[in-house]
Protein chains: 2
Amino acid sequence: MTTHQNGTKIFGSHIDRTMKIIRQHYMQAFRDLGVDITTEQWVIVDSLFHQDGQSQTELADGSFKNMATVSRIIDLTCQKGFTERFRSESDKRRYRVFLTKKGKEVYHKIKPTVDQLRQKGWKGLSDEDYDDFLRIMNTIFSNFKEAE
Amino acid sequence: MTTHQNGTKIFGSHIDRTMKIIRQHYMQAFRDLGVDITTEQWVIVDSLFHQDGQSQTELADGSFKNMATVSRIIDLTCQKGFTERFRSESDKRRYRVFLTKKGKEVYHKIKPTVDQLRQKGWKGLSDEDYDDFLRIMNTIFSNFKEAE
DNA sequence: GCTATATATTTGCTATAGCAAGTATTTGGT
DNA sequence: ACCAAATACTTGCTATAGCAAATATATAGC
């Protein structure tokens, strides 16, 4: 992986490969735990645990996913019995998505492992690094976002 | 997006959303250029431009992709006439993948735009930030990689 | 030279991802 | 109250992604 090239900074490939290995280790950890859930399904379950009854649009915005993608992920979490969909009373276009009892159990089963993975991933890095990390990631994000 | 939570550092979601927006803007730029190519196909074309005749395994390793994924990406770049596959003489299990004339033209057409995107993405960030960025990304990567 | 093992690639399966088009419902303007 | 535009969601299409099993070829150990 070349680091420099006529002054331009290459960042995409580093971000890509880091994201891939994170995903792989999450998947492996969930498999080891014996929970049939993917990382993207976990993101939704985690989001609902902290705020239950979100609409699919809210879930999409919160997880930076496409509405179509969220629609399909929730198809699967519902099939697996982690979530339930109900039409919103006040706006019949919307669903409200809720965690089931099983969904909450899965959350509690997985959460400690997620914390361990986060600590493992950040090992050797400091609080200052975290500030830098957030600033750099948010800057790149905004540089593209603001151009939209 | 919560930044802290009982001391553990959340990094996956930031990396994920940044990677997504990068990909989207690359895709849009390629569409605007009128070139029918995806970001992942671009990665392969770029790699071959710098070292032609790589095997699929080498391309997979260099781009942190799965061999199956690379196999399918190259199916598409061959269909589109950007690349060609030939069986290696010395090892008939392998292919050697080469850029075609069209593939090289596509590279030259796209490269300036890619440089612009890189500069745009890094705007507001310094050379020191780049060192931090590389160190942090590589540390997270290694923290997981070394556990394998 | 044979056989077990390793390597390179493909194919099938499932999931994520984004775009575009379609449906249903709601909202805003008049 | 009515109609146009906006919003929420789904579905079809194509591409990326990883795992596992299958095929073909190469290599190592004997």
# chains A, B, ... in the order shown; residues from 1 in each chain; ligands from 1

call {"tool": "interface_residues", "arguments": {"of": "chain B", "to": "chain D", "cutoff": "8 Å", "atoms": "only C-alpha atoms (C1' of nucleotides)", "output": "ChimeraX atom specification"}}
result
/B:40,66,69,91-93

call {"tool": "write_last_selection", "arguments": {"atoms": "C-alpha atoms", "output": "short mmCIF file (atom, residue, chain, number, x, y, z; two decimals), in the first residue's frame"}}
result
data_model
loop_
_atom_site.label_atom_id
_atom_site.label_comp_id
_atom_site.auth_asym_id
_atom_site.auth_seq_id
_atom_site.Cartn_x
_atom_site.Cartn_y
_atom_site.Cartn_z
CA GLU B 40 -13.98 -1.94 -6.76
CA ASN B 66 -11.61 -12.30 -1.10
CA THR B 69 -14.87 -11.58 -4.96
CA ASP B 91 1.64 -22.63 -13.26
CA LYS B 92 -1.49 -23.63 -15.07
CA ARG B 93 -3.67 -23.16 -12.03
#

call {"tool": "interface_residues", "arguments": {"of": "chain B", "to": "chain A", "cutoff": "8 Å", "atoms": "only C-alpha atoms", "output": "count of residues only"}}
result
42

call {"tool": "closest_residue", "arguments": {"among": "C:DA8, C:DC13, C:DA24, C:DC2", "to": "chain B", "atoms": "only C-alpha atoms (C1' of nucleotides)"}}
result
C:DA8

call {"tool": "interface_residues", "arguments": {"of": "chain C", "to": "chain B", "cutoff": "9 Å", "atoms": "only C-alpha atoms (C1' of nucleotides)", "output": "PyMOL selection string"}}
result
chain C and resi 7-11+18

call {"tool": "select_by_dssp", "arguments": {"residues": "chain A", "states": "alpha helix (DSSP H)", "output": "PDB file with N, CA and C atoms, in the first residue's frame"}}
result
ATOM      1  N   GLY A  12      -8.554   5.991   1.273  1.00  0.00           N
ATOM      2  CA  GLY A  12      -9.641   5.042   1.057  1.00  0.00           C
ATOM      3  C   GLY A  12      -9.250   3.605   1.313  1.00  0.00           C
ATOM      4  N   SER A  13      -8.099   3.203   0.803  1.00  0.00           N
ATOM      5  CA  SER A  13      -7.711   1.803   0.914  1.00  0.00           C
ATOM      6  C   SER A  13      -7.437   1.413   2.361  1.00  0.00           C
ATOM      7  N   HIS A  14      -6.878   2.355   3.144  1.00  0.00           N
ATOM      8  CA  HIS A  14      -6.623   2.057   4.552  1.00  0.00           C
ATOM      9  C   HIS A  14      -7.933   1.912   5.328  1.00  0.00           C
ATOM     10  N   ILE A  15      -8.847   2.820   5.036  1.00  0.00           N
ATOM     11  CA  ILE A  15     -10.142   2.752   5.700  1.00  0.00           C
ATOM     12  C   ILE A  15     -10.854   1.463   5.320  1.00  0.00           C
ATOM     13  N   ASP A  16     -10.797   1.144   4.036  1.00  0.00           N
ATOM     14  CA  ASP A  16     -11.462  -0.051   3.521  1.00  0.00           C
ATOM     15  C   ASP A  16     -10.940  -1.316   4.192  1.00  0.00           C
ATOM     16  N   ARG A  17      -9.632  -1.474   4.221  1.00  0.00           N
ATOM     17  CA  ARG A  17      -9.090  -2.725   4.757  1.00  0.00           C
ATOM     18  C   ARG A  17      -9.325  -2.818   6.261  1.00  0.00           C
ATOM     19  N   THR A  18      -9.286  -1.672   6.957  1.00  0.00           N
ATOM     20  CA  THR A  18      -9.543  -1.696   8.395  1.00  0.00           C
ATOM     21  C   THR A  18     -11.003  -2.057   8.669  1.00  0.00           C
ATOM     22  N   MET A  19     -11.911  -1.462   7.893  1.00  0.00           N
ATOM     23  CA  MET A  19     -13.332  -1.777   8.054  1.00  0.00           C
ATOM     24  C   MET A  19     -13.583  -3.254   7.797  1.00  0.00           C
ATOM     25  N   LYS A  20     -12.913  -3.797   6.797  1.00  0.00           N
ATOM     26  CA  LYS A  20     -13.134  -5.210   6.462  1.00  0.00           C
ATOM     27  C   LYS A  20     -12.704  -6.127   7.594  1.00  0.00           C
ATOM     28  N   ILE A  21     -11.552  -5.832   8.175  1.00  0.00           N
ATOM     29  CA  ILE A  21     -11.069  -6.737   9.217  1.00  0.00           C
ATOM     30  C   ILE A  21     -11.917  -6.599  10.481  1.00  0.00           C
ATOM     31  N   ILE A  22     -12.405  -5.394  10.757  1.00  0.00           N
ATOM     32  CA  ILE A  22     -13.317  -5.210  11.886  1.00  0.00           C
ATOM     33  C   ILE A  22     -14.557  -6.085  11.689  1.00  0.00           C
ATOM     34  N   ARG A  23     -15.164  -5.967  10.527  1.00  0.00           N
ATOM     35  CA  ARG A  23     -16.359  -6.733  10.218  1.00  0.00           C
ATOM     36  C   ARG A  23     -16.115  -8.232  10.375  1.00  0.00           C
ATOM     37  N   GLN A  24     -14.985  -8.688   9.855  1.00  0.00           N
ATOM     38  CA  GLN A  24     -14.689 -10.116   9.930  1.00  0.00           C
ATOM     39  C   GLN A  24     -14.590 -10.595  11.374  1.00  0.00           C
ATOM     40  N   HIS A  25     -13.959  -9.789  12.209  1.00  0.00           N
ATOM     41  CA  HIS A  25     -13.792 -10.220  13.596  1.00  0.00           C
ATOM     42  C   HIS A  25     -15.099 -10.131  14.374  1.00  0.00           C
ATOM     43  N   TYR A  26     -15.927  -9.181  14.044  1.00  0.00           N
ATOM     44  CA  TYR A  26     -17.262  -9.152  14.645  1.00  0.00           C
ATOM     45  C   TYR A  26     -18.045 -10.412  14.257  1.00  0.00           C
ATOM     46  N   MET A  27     -18.030 -10.704  12.975  1.00  0.00           N
ATOM     47  CA  MET A  27     -18.749 -11.885  12.493  1.00  0.00           C
ATOM     48  C   MET A  27     -18.260 -13.142  13.200  1.00  0.00           C
ATOM     49  N   GLN A  28     -16.933 -13.265  13.274  1.00  0.00           N
ATOM     50  CA  GLN A  28     -16.353 -14.452  13.902  1.00  0.00           C
ATOM     51  C   GLN A  28     -16.772 -14.548  15.364  1.00  0.00           C
ATOM     52  N   ALA A  29     -16.749 -13.409  16.052  1.00  0.00           N
ATOM     53  CA  ALA A  29     -17.115 -13.392  17.472  1.00  0.00           C
ATOM     54  C   ALA A  29     -18.578 -13.797  17.660  1.00  0.00           C
ATOM     55  N   PHE A  30     -19.440 -13.322  16.773  1.00  0.00           N
ATOM     56  CA  PHE A  30     -20.861 -13.680  16.881  1.00  0.00           C
ATOM     57  C   PHE A  30     -21.048 -15.174  16.621  1.00  0.00           C
ATOM     58  N   ARG A  31     -20.311 -15.678  15.656  1.00  0.00           N
ATOM     59  CA  ARG A  31     -20.359 -17.120  15.377  1.00  0.00           C
ATOM     60  C   ARG A  31     -19.891 -17.907  16.598  1.00  0.00           C
ATOM     61  N   ASP A  32     -18.768 -17.457  17.178  1.00  0.00           N
ATOM     62  CA  ASP A  32     -18.232 -18.146  18.356  1.00  0.00           C
ATOM     63  C   ASP A  32     -19.231 -18.133  19.514  1.00  0.00           C
ATOM     64  N   LEU A  33     -19.975 -17.042  19.622  1.00  0.00           N
ATOM     65  CA  LEU A  33     -20.987 -16.932  20.672  1.00  0.00           C
ATOM     66  C   LEU A  33     -22.197 -17.826  20.390  1.00  0.00           C
ATOM     67  N   THR A  39     -23.185  -8.452  11.388  1.00  0.00           N
ATOM     68  CA  THR A  39     -22.797  -7.166  11.978  1.00  0.00           C
ATOM     69  C   THR A  39     -23.833  -6.092  11.683  1.00  0.00           C
ATOM     70  N   GLU A  40     -24.397  -6.122  10.487  1.00  0.00           N
ATOM     71  CA  GLU A  40     -25.349  -5.072  10.116  1.00  0.00           C
ATOM     72  C   GLU A  40     -26.651  -5.254  10.866  1.00  0.00           C
ATOM     73  N   GLN A  41     -27.026  -6.514  11.082  1.00  0.00           N
ATOM     74  CA  GLN A  41     -28.210  -6.782  11.899  1.00  0.00           C
ATOM     75  C   GLN A  41     -27.957  -6.343  13.337  1.00  0.00           C
ATOM     76  N   TRP A  42     -26.744  -6.552  13.806  1.00  0.00           N
ATOM     77  CA  TRP A  42     -26.383  -6.107  15.150  1.00  0.00           C
ATOM     78  C   TRP A  42     -26.532  -4.587  15.297  1.00  0.00           C
ATOM     79  N   VAL A  43     -26.093  -3.856  14.303  1.00  0.00           N
ATOM     80  CA  VAL A  43     -26.199  -2.397  14.336  1.00  0.00           C
ATOM     81  C   VAL A  43     -27.652  -1.969  14.563  1.00  0.00           C
ATOM     82  N   ILE A  44     -28.559  -2.658  13.896  1.00  0.00           N
ATOM     83  CA  ILE A  44     -29.982  -2.334  14.036  1.00  0.00           C
ATOM     84  C   ILE A  44     -30.486  -2.714  15.434  1.00  0.00           C
ATOM     85  N   VAL A  45     -30.139  -3.892  15.883  1.00  0.00           N
ATOM     86  CA  VAL A  45     -30.566  -4.346  17.215  1.00  0.00           C
ATOM     87  C   VAL A  45     -30.037  -3.391  18.289  1.00  0.00           C
ATOM     88  N   ASP A  46     -28.780  -3.000  18.158  1.00  0.00           N
ATOM     89  CA  ASP A  46     -28.167  -2.085  19.114  1.00  0.00           C
ATOM     90  C   ASP A  46     -28.902  -0.745  19.126  1.00  0.00           C
ATOM     91  N   SER A  47     -29.203  -0.253  17.944  1.00  0.00           N
ATOM     92  CA  SER A  47     -29.905   1.024  17.832  1.00  0.00           C
ATOM     93  C   SER A  47     -31.288   0.946  18.477  1.00  0.00           C
ATOM     94  N   LEU A  48     -31.979  -0.148  18.244  1.00  0.00           N
ATOM     95  CA  LEU A  48     -33.327  -0.306  18.813  1.00  0.00           C
ATOM     96  C   LEU A  48     -33.270  -0.483  20.318  1.00  0.00           C
ATOM     97  N   PHE A  49     -32.212  -1.108  20.803  1.00  0.00           N
ATOM     98  CA  PHE A  49     -32.100  -1.281  22.244  1.00  0.00           C
ATOM     99  C   PHE A  49     -32.033   0.079  22.936  1.00  0.00           C
ATOM    100  N   HIS A  50     -31.315   1.006  22.311  1.00  0.00           N
ATOM    101  CA  HIS A  50     -31.181   2.334  22.904  1.00  0.00           C
ATOM    102  C   HIS A  50     -32.377   3.228  22.611  1.00  0.00           C
ATOM    103  N   GLN A  56     -38.186   2.930  10.060  1.00  0.00           N
ATOM    104  CA  GLN A  56     -37.084   2.436   9.231  1.00  0.00           C
ATOM    105  C   GLN A  56     -36.227   3.590   8.720  1.00  0.00           C
ATOM    106  N   THR A  57     -36.877   4.708   8.461  1.00  0.00           N
ATOM    107  CA  THR A  57     -36.134   5.891   8.028  1.00  0.00           C
ATOM    108  C   THR A  57     -35.182   6.358   9.117  1.00  0.00           C
ATOM    109  N   GLU A  58     -35.671   6.369  10.348  1.00  0.00           N
ATOM    110  CA  GLU A  58     -34.808   6.775  11.461  1.00  0.00           C
ATOM    111  C   GLU A  58     -33.646   5.799  11.623  1.00  0.00           C
ATOM    112  N   LEU A  59     -33.944   4.517  11.499  1.00  0.00           N
ATOM    113  CA  LEU A  59     -32.879   3.514  11.593  1.00  0.00           C
ATOM    114  C   LEU A  59     -31.869   3.693  10.471  1.00  0.00           C
ATOM    115  N   ALA A  60     -32.357   4.003   9.282  1.00  0.00           N
ATOM    116  CA  ALA A  60     -31.459   4.208   8.140  1.00  0.00           C
ATOM    117  C   ALA A  60     -30.560   5.413   8.400  1.00  0.00           C
ATOM    118  N   ASP A  61     -31.154   6.520   8.823  1.00  0.00           N
ATOM    119  CA  ASP A  61     -30.361   7.718   9.091  1.00  0.00           C
ATOM    120  C   ASP A  61     -29.330   7.451  10.183  1.00  0.00           C
ATOM    121  N   GLY A  62     -29.758   6.784  11.239  1.00  0.00           N
ATOM    122  CA  GLY A  62     -28.874   6.549  12.372  1.00  0.00           C
ATOM    123  C   GLY A  62     -27.716   5.614  12.063  1.00  0.00           C
ATOM    124  N   SER A  63     -27.901   4.753  11.094  1.00  0.00           N
ATOM    125  CA  SER A  63     -26.851   3.775  10.793  1.00  0.00           C
ATOM    126  C   SER A  63     -26.181   4.052   9.453  1.00  0.00           C
ATOM    127  N   MET A  67     -32.433   3.177   2.715  1.00  0.00           N
ATOM    128  CA  MET A  67     -33.726   2.692   3.190  1.00  0.00           C
ATOM    129  C   MET A  67     -34.021   1.287   2.679  1.00  0.00           C
ATOM    130  N   ALA A  68     -33.613   1.026   1.427  1.00  0.00           N
ATOM    131  CA  ALA A  68     -33.856  -0.299   0.858  1.00  0.00           C
ATOM    132  C   ALA A  68     -33.070  -1.357   1.630  1.00  0.00           C
ATOM    133  N   THR A  69     -31.853  -1.007   1.973  1.00  0.00           N
ATOM    134  CA  THR A  69     -31.010  -1.936   2.723  1.00  0.00           C
ATOM    135  C   THR A  69     -31.606  -2.211   4.098  1.00  0.00           C
ATOM    136  N   VAL A  70     -32.042  -1.150   4.769  1.00  0.00           N
ATOM    137  CA  VAL A  70     -32.641  -1.308   6.094  1.00  0.00           C
ATOM    138  C   VAL A  70     -33.909  -2.154   6.004  1.00  0.00           C
ATOM    139  N   SER A  71     -34.683  -1.909   4.983  1.00  0.00           N
ATOM    140  CA  SER A  71     -35.908  -2.681   4.789  1.00  0.00           C
ATOM    141  C   SER A  71     -35.600  -4.175   4.771  1.00  0.00           C
ATOM    142  N   ARG A  72     -34.548  -4.532   4.055  1.00  0.00           N
ATOM    143  CA  ARG A  72     -34.190  -5.956   3.949  1.00  0.00           C
ATOM    144  C   ARG A  72     -33.530  -6.486   5.222  1.00  0.00           C
ATOM    145  N   ILE A  73     -32.749  -5.683   5.866  1.00  0.00           N
ATOM    146  CA  ILE A  73     -32.142  -6.137   7.117  1.00  0.00           C
ATOM    147  C   ILE A  73     -33.244  -6.418   8.144  1.00  0.00           C
ATOM    148  N   ILE A  74     -34.246  -5.562   8.169  1.00  0.00           N
ATOM    149  CA  ILE A  74     -35.322  -5.756   9.134  1.00  0.00           C
ATOM    150  C   ILE A  74     -36.204  -6.938   8.756  1.00  0.00           C
ATOM    151  N   ASP A  75     -36.354  -7.197   7.452  1.00  0.00           N
ATOM    152  CA  ASP A  75     -36.996  -8.453   7.050  1.00  0.00           C
ATOM    153  C   ASP A  75     -36.330  -9.622   7.774  1.00  0.00           C
ATOM    154  N   LEU A  76     -35.006  -9.617   7.779  1.00  0.00           N
ATOM    155  CA  LEU A  76     -34.268 -10.740   8.353  1.00  0.00           C
ATOM    156  C   LEU A  76     -34.331 -10.753   9.879  1.00  0.00           C
ATOM    157  N   THR A  77     -34.177  -9.581  10.507  1.00  0.00           N
ATOM    158  CA  THR A  77     -34.246  -9.581  11.977  1.00  0.00           C
ATOM    159  C   THR A  77     -35.652  -9.979  12.433  1.00  0.00           C
ATOM    160  N   CYS A  78     -36.670  -9.658  11.648  1.00  0.00           N
ATOM    161  CA  CYS A  78     -38.022 -10.092  11.991  1.00  0.00           C
ATOM    162  C   CYS A  78     -38.157 -11.607  11.803  1.00  0.00           C
ATOM    163  N   GLN A  79     -37.644 -12.106  10.690  1.00  0.00           N
ATOM    164  CA  GLN A  79     -37.662 -13.558  10.461  1.00  0.00           C
ATOM    165  C   GLN A  79     -36.981 -14.306  11.604  1.00  0.00           C
ATOM    166  N   LYS A 101     -38.540  -9.806  23.012  1.00  0.00           N
ATOM    167  CA  LYS A 101     -37.850 -10.361  24.174  1.00  0.00           C
ATOM    168  C   LYS A 101     -36.565 -11.064  23.725  1.00  0.00           C
ATOM    169  N   LYS A 102     -36.681 -11.862  22.715  1.00  0.00           N
ATOM    170  CA  LYS A 102     -35.520 -12.564  22.169  1.00  0.00           C
ATOM    171  C   LYS A 102     -34.453 -11.577  21.681  1.00  0.00           C
ATOM    172  N   GLY A 103     -34.910 -10.493  21.053  1.00  0.00           N
ATOM    173  CA  GLY A 103     -33.980  -9.481  20.565  1.00  0.00           C
ATOM    174  C   GLY A 103     -33.192  -8.856  21.695  1.00  0.00           C
ATOM    175  N   LYS A 104     -33.881  -8.615  22.819  1.00  0.00           N
ATOM    176  CA  LYS A 104     -33.202  -8.032  23.983  1.00  0.00           C
ATOM    177  C   LYS A 104     -32.220  -9.026  24.596  1.00  0.00           C
ATOM    178  N   GLU A 105     -32.618 -10.282  24.623  1.00  0.00           N
ATOM    179  CA  GLU A 105     -31.699 -11.310  25.137  1.00  0.00           C
ATOM    180  C   GLU A 105     -30.430 -11.373  24.290  1.00  0.00           C
ATOM    181  N   VAL A 106     -30.619 -11.313  22.985  1.00  0.00           N
ATOM    182  CA  VAL A 106     -29.481 -11.343  22.065  1.00  0.00           C
ATOM    183  C   VAL A 106     -28.589 -10.138  22.324  1.00  0.00           C
ATOM    184  N   TYR A 107     -29.198  -8.975  22.536  1.00  0.00           N
ATOM    185  CA  TYR A 107     -28.401  -7.777  22.832  1.00  0.00           C
ATOM    186  C   TYR A 107     -27.510  -8.026  24.045  1.00  0.00           C
ATOM    187  N   HIS A 108     -28.109  -8.501  25.131  1.00  0.00           N
ATOM    188  CA  HIS A 108     -27.342  -8.704  26.369  1.00  0.00           C
ATOM    189  C   HIS A 108     -26.286  -9.797  26.216  1.00  0.00           C
ATOM    190  N   LYS A 109     -26.584 -10.757  25.384  1.00  0.00           N
ATOM    191  CA  LYS A 109     -25.612 -11.825  25.154  1.00  0.00           C
ATOM    192  C   LYS A 109     -24.391 -11.301  24.388  1.00  0.00           C
ATOM    193  N   ILE A 110     -24.659 -10.404  23.450  1.00  0.00           N
ATOM    194  CA  ILE A 110     -23.599  -9.940  22.539  1.00  0.00           C
ATOM    195  C   ILE A 110     -22.806  -8.763  23.090  1.00  0.00           C
ATOM    196  N   LYS A 111     -23.467  -7.882  23.836  1.00  0.00           N
ATOM    197  CA  LYS A 111     -22.859  -6.614  24.222  1.00  0.00           C
ATOM    198  C   LYS A 111     -21.473  -6.737  24.874  1.00  0.00           C
ATOM    199  N   PRO A 112     -21.281  -7.635  25.829  1.00  0.00           N
ATOM    200  CA  PRO A 112     -19.943  -7.748  26.429  1.00  0.00           C
ATOM    201  C   PRO A 112     -18.867  -8.081  25.397  1.00  0.00           C
ATOM    202  N   THR A 113     -19.202  -8.915  24.458  1.00  0.00           N
ATOM    203  CA  THR A 113     -18.253  -9.268  23.402  1.00  0.00           C
ATOM    204  C   THR A 113     -17.915  -8.058  22.548  1.00  0.00           C
ATOM    205  N   VAL A 114     -18.917  -7.247  22.249  1.00  0.00           N
ATOM    206  CA  VAL A 114     -18.689  -6.036  21.455  1.00  0.00           C
ATOM    207  C   VAL A 114     -17.744  -5.097  22.207  1.00  0.00           C
ATOM    208  N   ASP A 115     -17.969  -4.970  23.502  1.00  0.00           N
ATOM    209  CA  ASP A 115     -17.066  -4.123  24.293  1.00  0.00           C
ATOM    210  C   ASP A 115     -15.632  -4.649  24.254  1.00  0.00           C
ATOM    211  N   GLN A 116     -15.502  -5.961  24.349  1.00  0.00           N
ATOM    212  CA  GLN A 116     -14.159  -6.554  24.271  1.00  0.00           C
ATOM    213  C   GLN A 116     -13.500  -6.280  22.925  1.00  0.00           C
ATOM    214  N   LEU A 117     -14.296  -6.399  21.860  1.00  0.00           N
ATOM    215  CA  LEU A 117     -13.750  -6.154  20.514  1.00  0.00           C
ATOM    216  C   LEU A 117     -13.306  -4.701  20.378  1.00  0.00           C
ATOM    217  N   ARG A 118     -14.080  -3.807  20.974  1.00  0.00           N
ATOM    218  CA  ARG A 118     -13.709  -2.388  20.899  1.00  0.00           C
ATOM    219  C   ARG A 118     -12.406  -2.135  21.630  1.00  0.00           C
ATOM    220  N   GLN A 119     -12.257  -2.757  22.784  1.00  0.00           N
ATOM    221  CA  GLN A 119     -11.019  -2.560  23.539  1.00  0.00           C
ATOM    222  C   GLN A 119      -9.835  -3.177  22.815  1.00  0.00           C
ATOM    223  N   LYS A 120     -10.063  -4.348  22.274  1.00  0.00           N
ATOM    224  CA  LYS A 120      -9.005  -5.012  21.512  1.00  0.00           C
ATOM    225  C   LYS A 120      -8.583  -4.170  20.310  1.00  0.00           C
ATOM    226  N   GLY A 121      -9.543  -3.601  19.615  1.00  0.00           N
ATOM    227  CA  GLY A 121      -9.248  -2.806  18.426  1.00  0.00           C
ATOM    228  C   GLY A 121      -8.503  -1.517  18.739  1.00  0.00           C
ATOM    229  N   TRP A 122      -8.775  -0.958  19.911  1.00  0.00           N
ATOM    230  CA  TRP A 122      -8.156   0.322  20.256  1.00  0.00           C
ATOM    231  C   TRP A 122      -6.855   0.154  21.041  1.00  0.00           C
ATOM    232  N   ASP A 127      -6.353   8.308  24.400  1.00  0.00           N
ATOM    233  CA  ASP A 127      -7.511   9.196  24.319  1.00  0.00           C
ATOM    234  C   ASP A 127      -7.267  10.322  23.317  1.00  0.00           C
ATOM    235  N   GLU A 128      -6.028  10.798  23.269  1.00  0.00           N
ATOM    236  CA  GLU A 128      -5.696  11.853  22.300  1.00  0.00           C
ATOM    237  C   GLU A 128      -5.838  11.307  20.874  1.00  0.00           C
ATOM    238  N   ASP A 129      -5.393  10.096  20.702  1.00  0.00           N
ATOM    239  CA  ASP A 129      -5.560   9.467  19.388  1.00  0.00           C
ATOM    240  C   ASP A 129      -7.031   9.415  19.007  1.00  0.00           C
ATOM    241  N   TYR A 130      -7.864   9.158  20.017  1.00  0.00           N
ATOM    242  CA  TYR A 130      -9.299   9.062  19.717  1.00  0.00           C
ATOM    243  C   TYR A 130      -9.838  10.407  19.250  1.00  0.00           C
ATOM    244  N   ASP A 131      -9.404  11.473  19.910  1.00  0.00           N
ATOM    245  CA  ASP A 131      -9.806  12.806  19.459  1.00  0.00           C
ATOM    246  C   ASP A 131      -9.365  13.047  18.018  1.00  0.00           C
ATOM    247  N   ASP A 132      -8.112  12.688  17.727  1.00  0.00           N
ATOM    248  CA  ASP A 132      -7.607  12.843  16.356  1.00  0.00           C
ATOM    249  C   ASP A 132      -8.420  11.992  15.378  1.00  0.00           C
ATOM    250  N   PHE A 133      -8.625  10.771  15.816  1.00  0.00           N
ATOM    251  CA  PHE A 133      -9.386   9.837  14.966  1.00  0.00           C
ATOM    252  C   PHE A 133     -10.743  10.421  14.595  1.00  0.00           C
ATOM    253  N   LEU A 134     -11.468  10.887  15.614  1.00  0.00           N
ATOM    254  CA  LEU A 134     -12.805  11.426  15.355  1.00  0.00           C
ATOM    255  C   LEU A 134     -12.731  12.658  14.454  1.00  0.00           C
ATOM    256  N   ARG A 135     -11.766  13.525  14.747  1.00  0.00           N
ATOM    257  CA  ARG A 135     -11.636  14.747  13.946  1.00  0.00           C
ATOM    258  C   ARG A 135     -11.321  14.403  12.493  1.00  0.00           C
ATOM    259  N   ILE A 136     -10.395  13.491  12.278  1.00  0.00           N
ATOM    260  CA  ILE A 136     -10.005  13.147  10.905  1.00  0.00           C
ATOM    261  C   ILE A 136     -11.164  12.487  10.161  1.00  0.00           C
ATOM    262  N   MET A 137     -11.798  11.513  10.813  1.00  0.00           N
ATOM    263  CA  MET A 137     -12.924  10.825  10.166  1.00  0.00           C
ATOM    264  C   MET A 137     -14.054  11.803   9.847  1.00  0.00           C
ATOM    265  N   ASN A 138     -14.353  12.657  10.806  1.00  0.00           N
ATOM    266  CA  ASN A 138     -15.448  13.608  10.598  1.00  0.00           C
ATOM    267  C   ASN A 138     -15.105  14.636   9.531  1.00  0.00           C
ATOM    268  N   THR A 139     -13.828  14.988   9.455  1.00  0.00           N
ATOM    269  CA  THR A 139     -13.422  15.951   8.423  1.00  0.00           C
ATOM    270  C   THR A 139     -13.571  15.346   7.033  1.00  0.00           C
ATOM    271  N   ILE A 140     -13.067  14.139   6.863  1.00  0.00           N
ATOM    272  CA  ILE A 140     -13.206  13.483   5.547  1.00  0.00           C
ATOM    273  C   ILE A 140     -14.691  13.356   5.202  1.00  0.00           C
ATOM    274  N   PHE A 141     -15.456  12.894   6.191  1.00  0.00           N
ATOM    275  CA  PHE A 141     -16.892  12.737   5.960  1.00  0.00           C
ATOM    276  C   PHE A 141     -17.512  14.058   5.518  1.00  0.00           C
ATOM    277  N   SER A 142     -17.213  15.122   6.258  1.00  0.00           N
ATOM    278  CA  SER A 142     -17.816  16.430   5.948  1.00  0.00           C
ATOM    279  C   SER A 142     -17.334  16.973   4.610  1.00  0.00           C
ATOM    280  N   ASN A 143     -16.066  16.733   4.290  1.00  0.00           N
ATOM    281  CA  ASN A 143     -15.544  17.219   3.010  1.00  0.00           C
ATOM    282  C   ASN A 143     -16.377  16.695   1.837  1.00  0.00           C
ATOM    283  N   PHE A 144     -16.854  15.464   1.978  1.00  0.00           N
ATOM    284  CA  PHE A 144     -17.704  14.926   0.915  1.00  0.00           C
ATOM    285  C   PHE A 144     -19.157  15.316   1.131  1.00  0.00           C
ATOM    286  N   LYS A 145     -19.593  15.227   2.367  1.00  0.00           N
ATOM    287  CA  LYS A 145     -21.003  15.486   2.665  1.00  0.00           C
ATOM    288  C   LYS A 145     -21.418  16.897   2.270  1.00  0.00           C
TER     289      LYS A 145
END

call {"tool": "atom_distance", "arguments": {"atom1": "atom CA of A:Gln54", "atom2": "atom CA of A:Phe98"}}
result
7.4 Å

call {"tool": "closest_residue", "arguments": {"among": "B:Glu146, B:Asp52, B:Gly34, B:Leu99", "to": "B:Phe82", "atoms": "only C-alpha atoms"}}
result
B:Leu99

call {"tool": "atom_distance", "arguments": {"atom1": "atom C1' of C:DT25", "atom2": "atom CA of A:Gly81"}}
result
27.8 Å

call {"tool": "atom_distance", "arguments": {"atom1": "atom CA of A:Val97", "atom2": "atom CA of A:Glu84"}}
result
5.7 Å
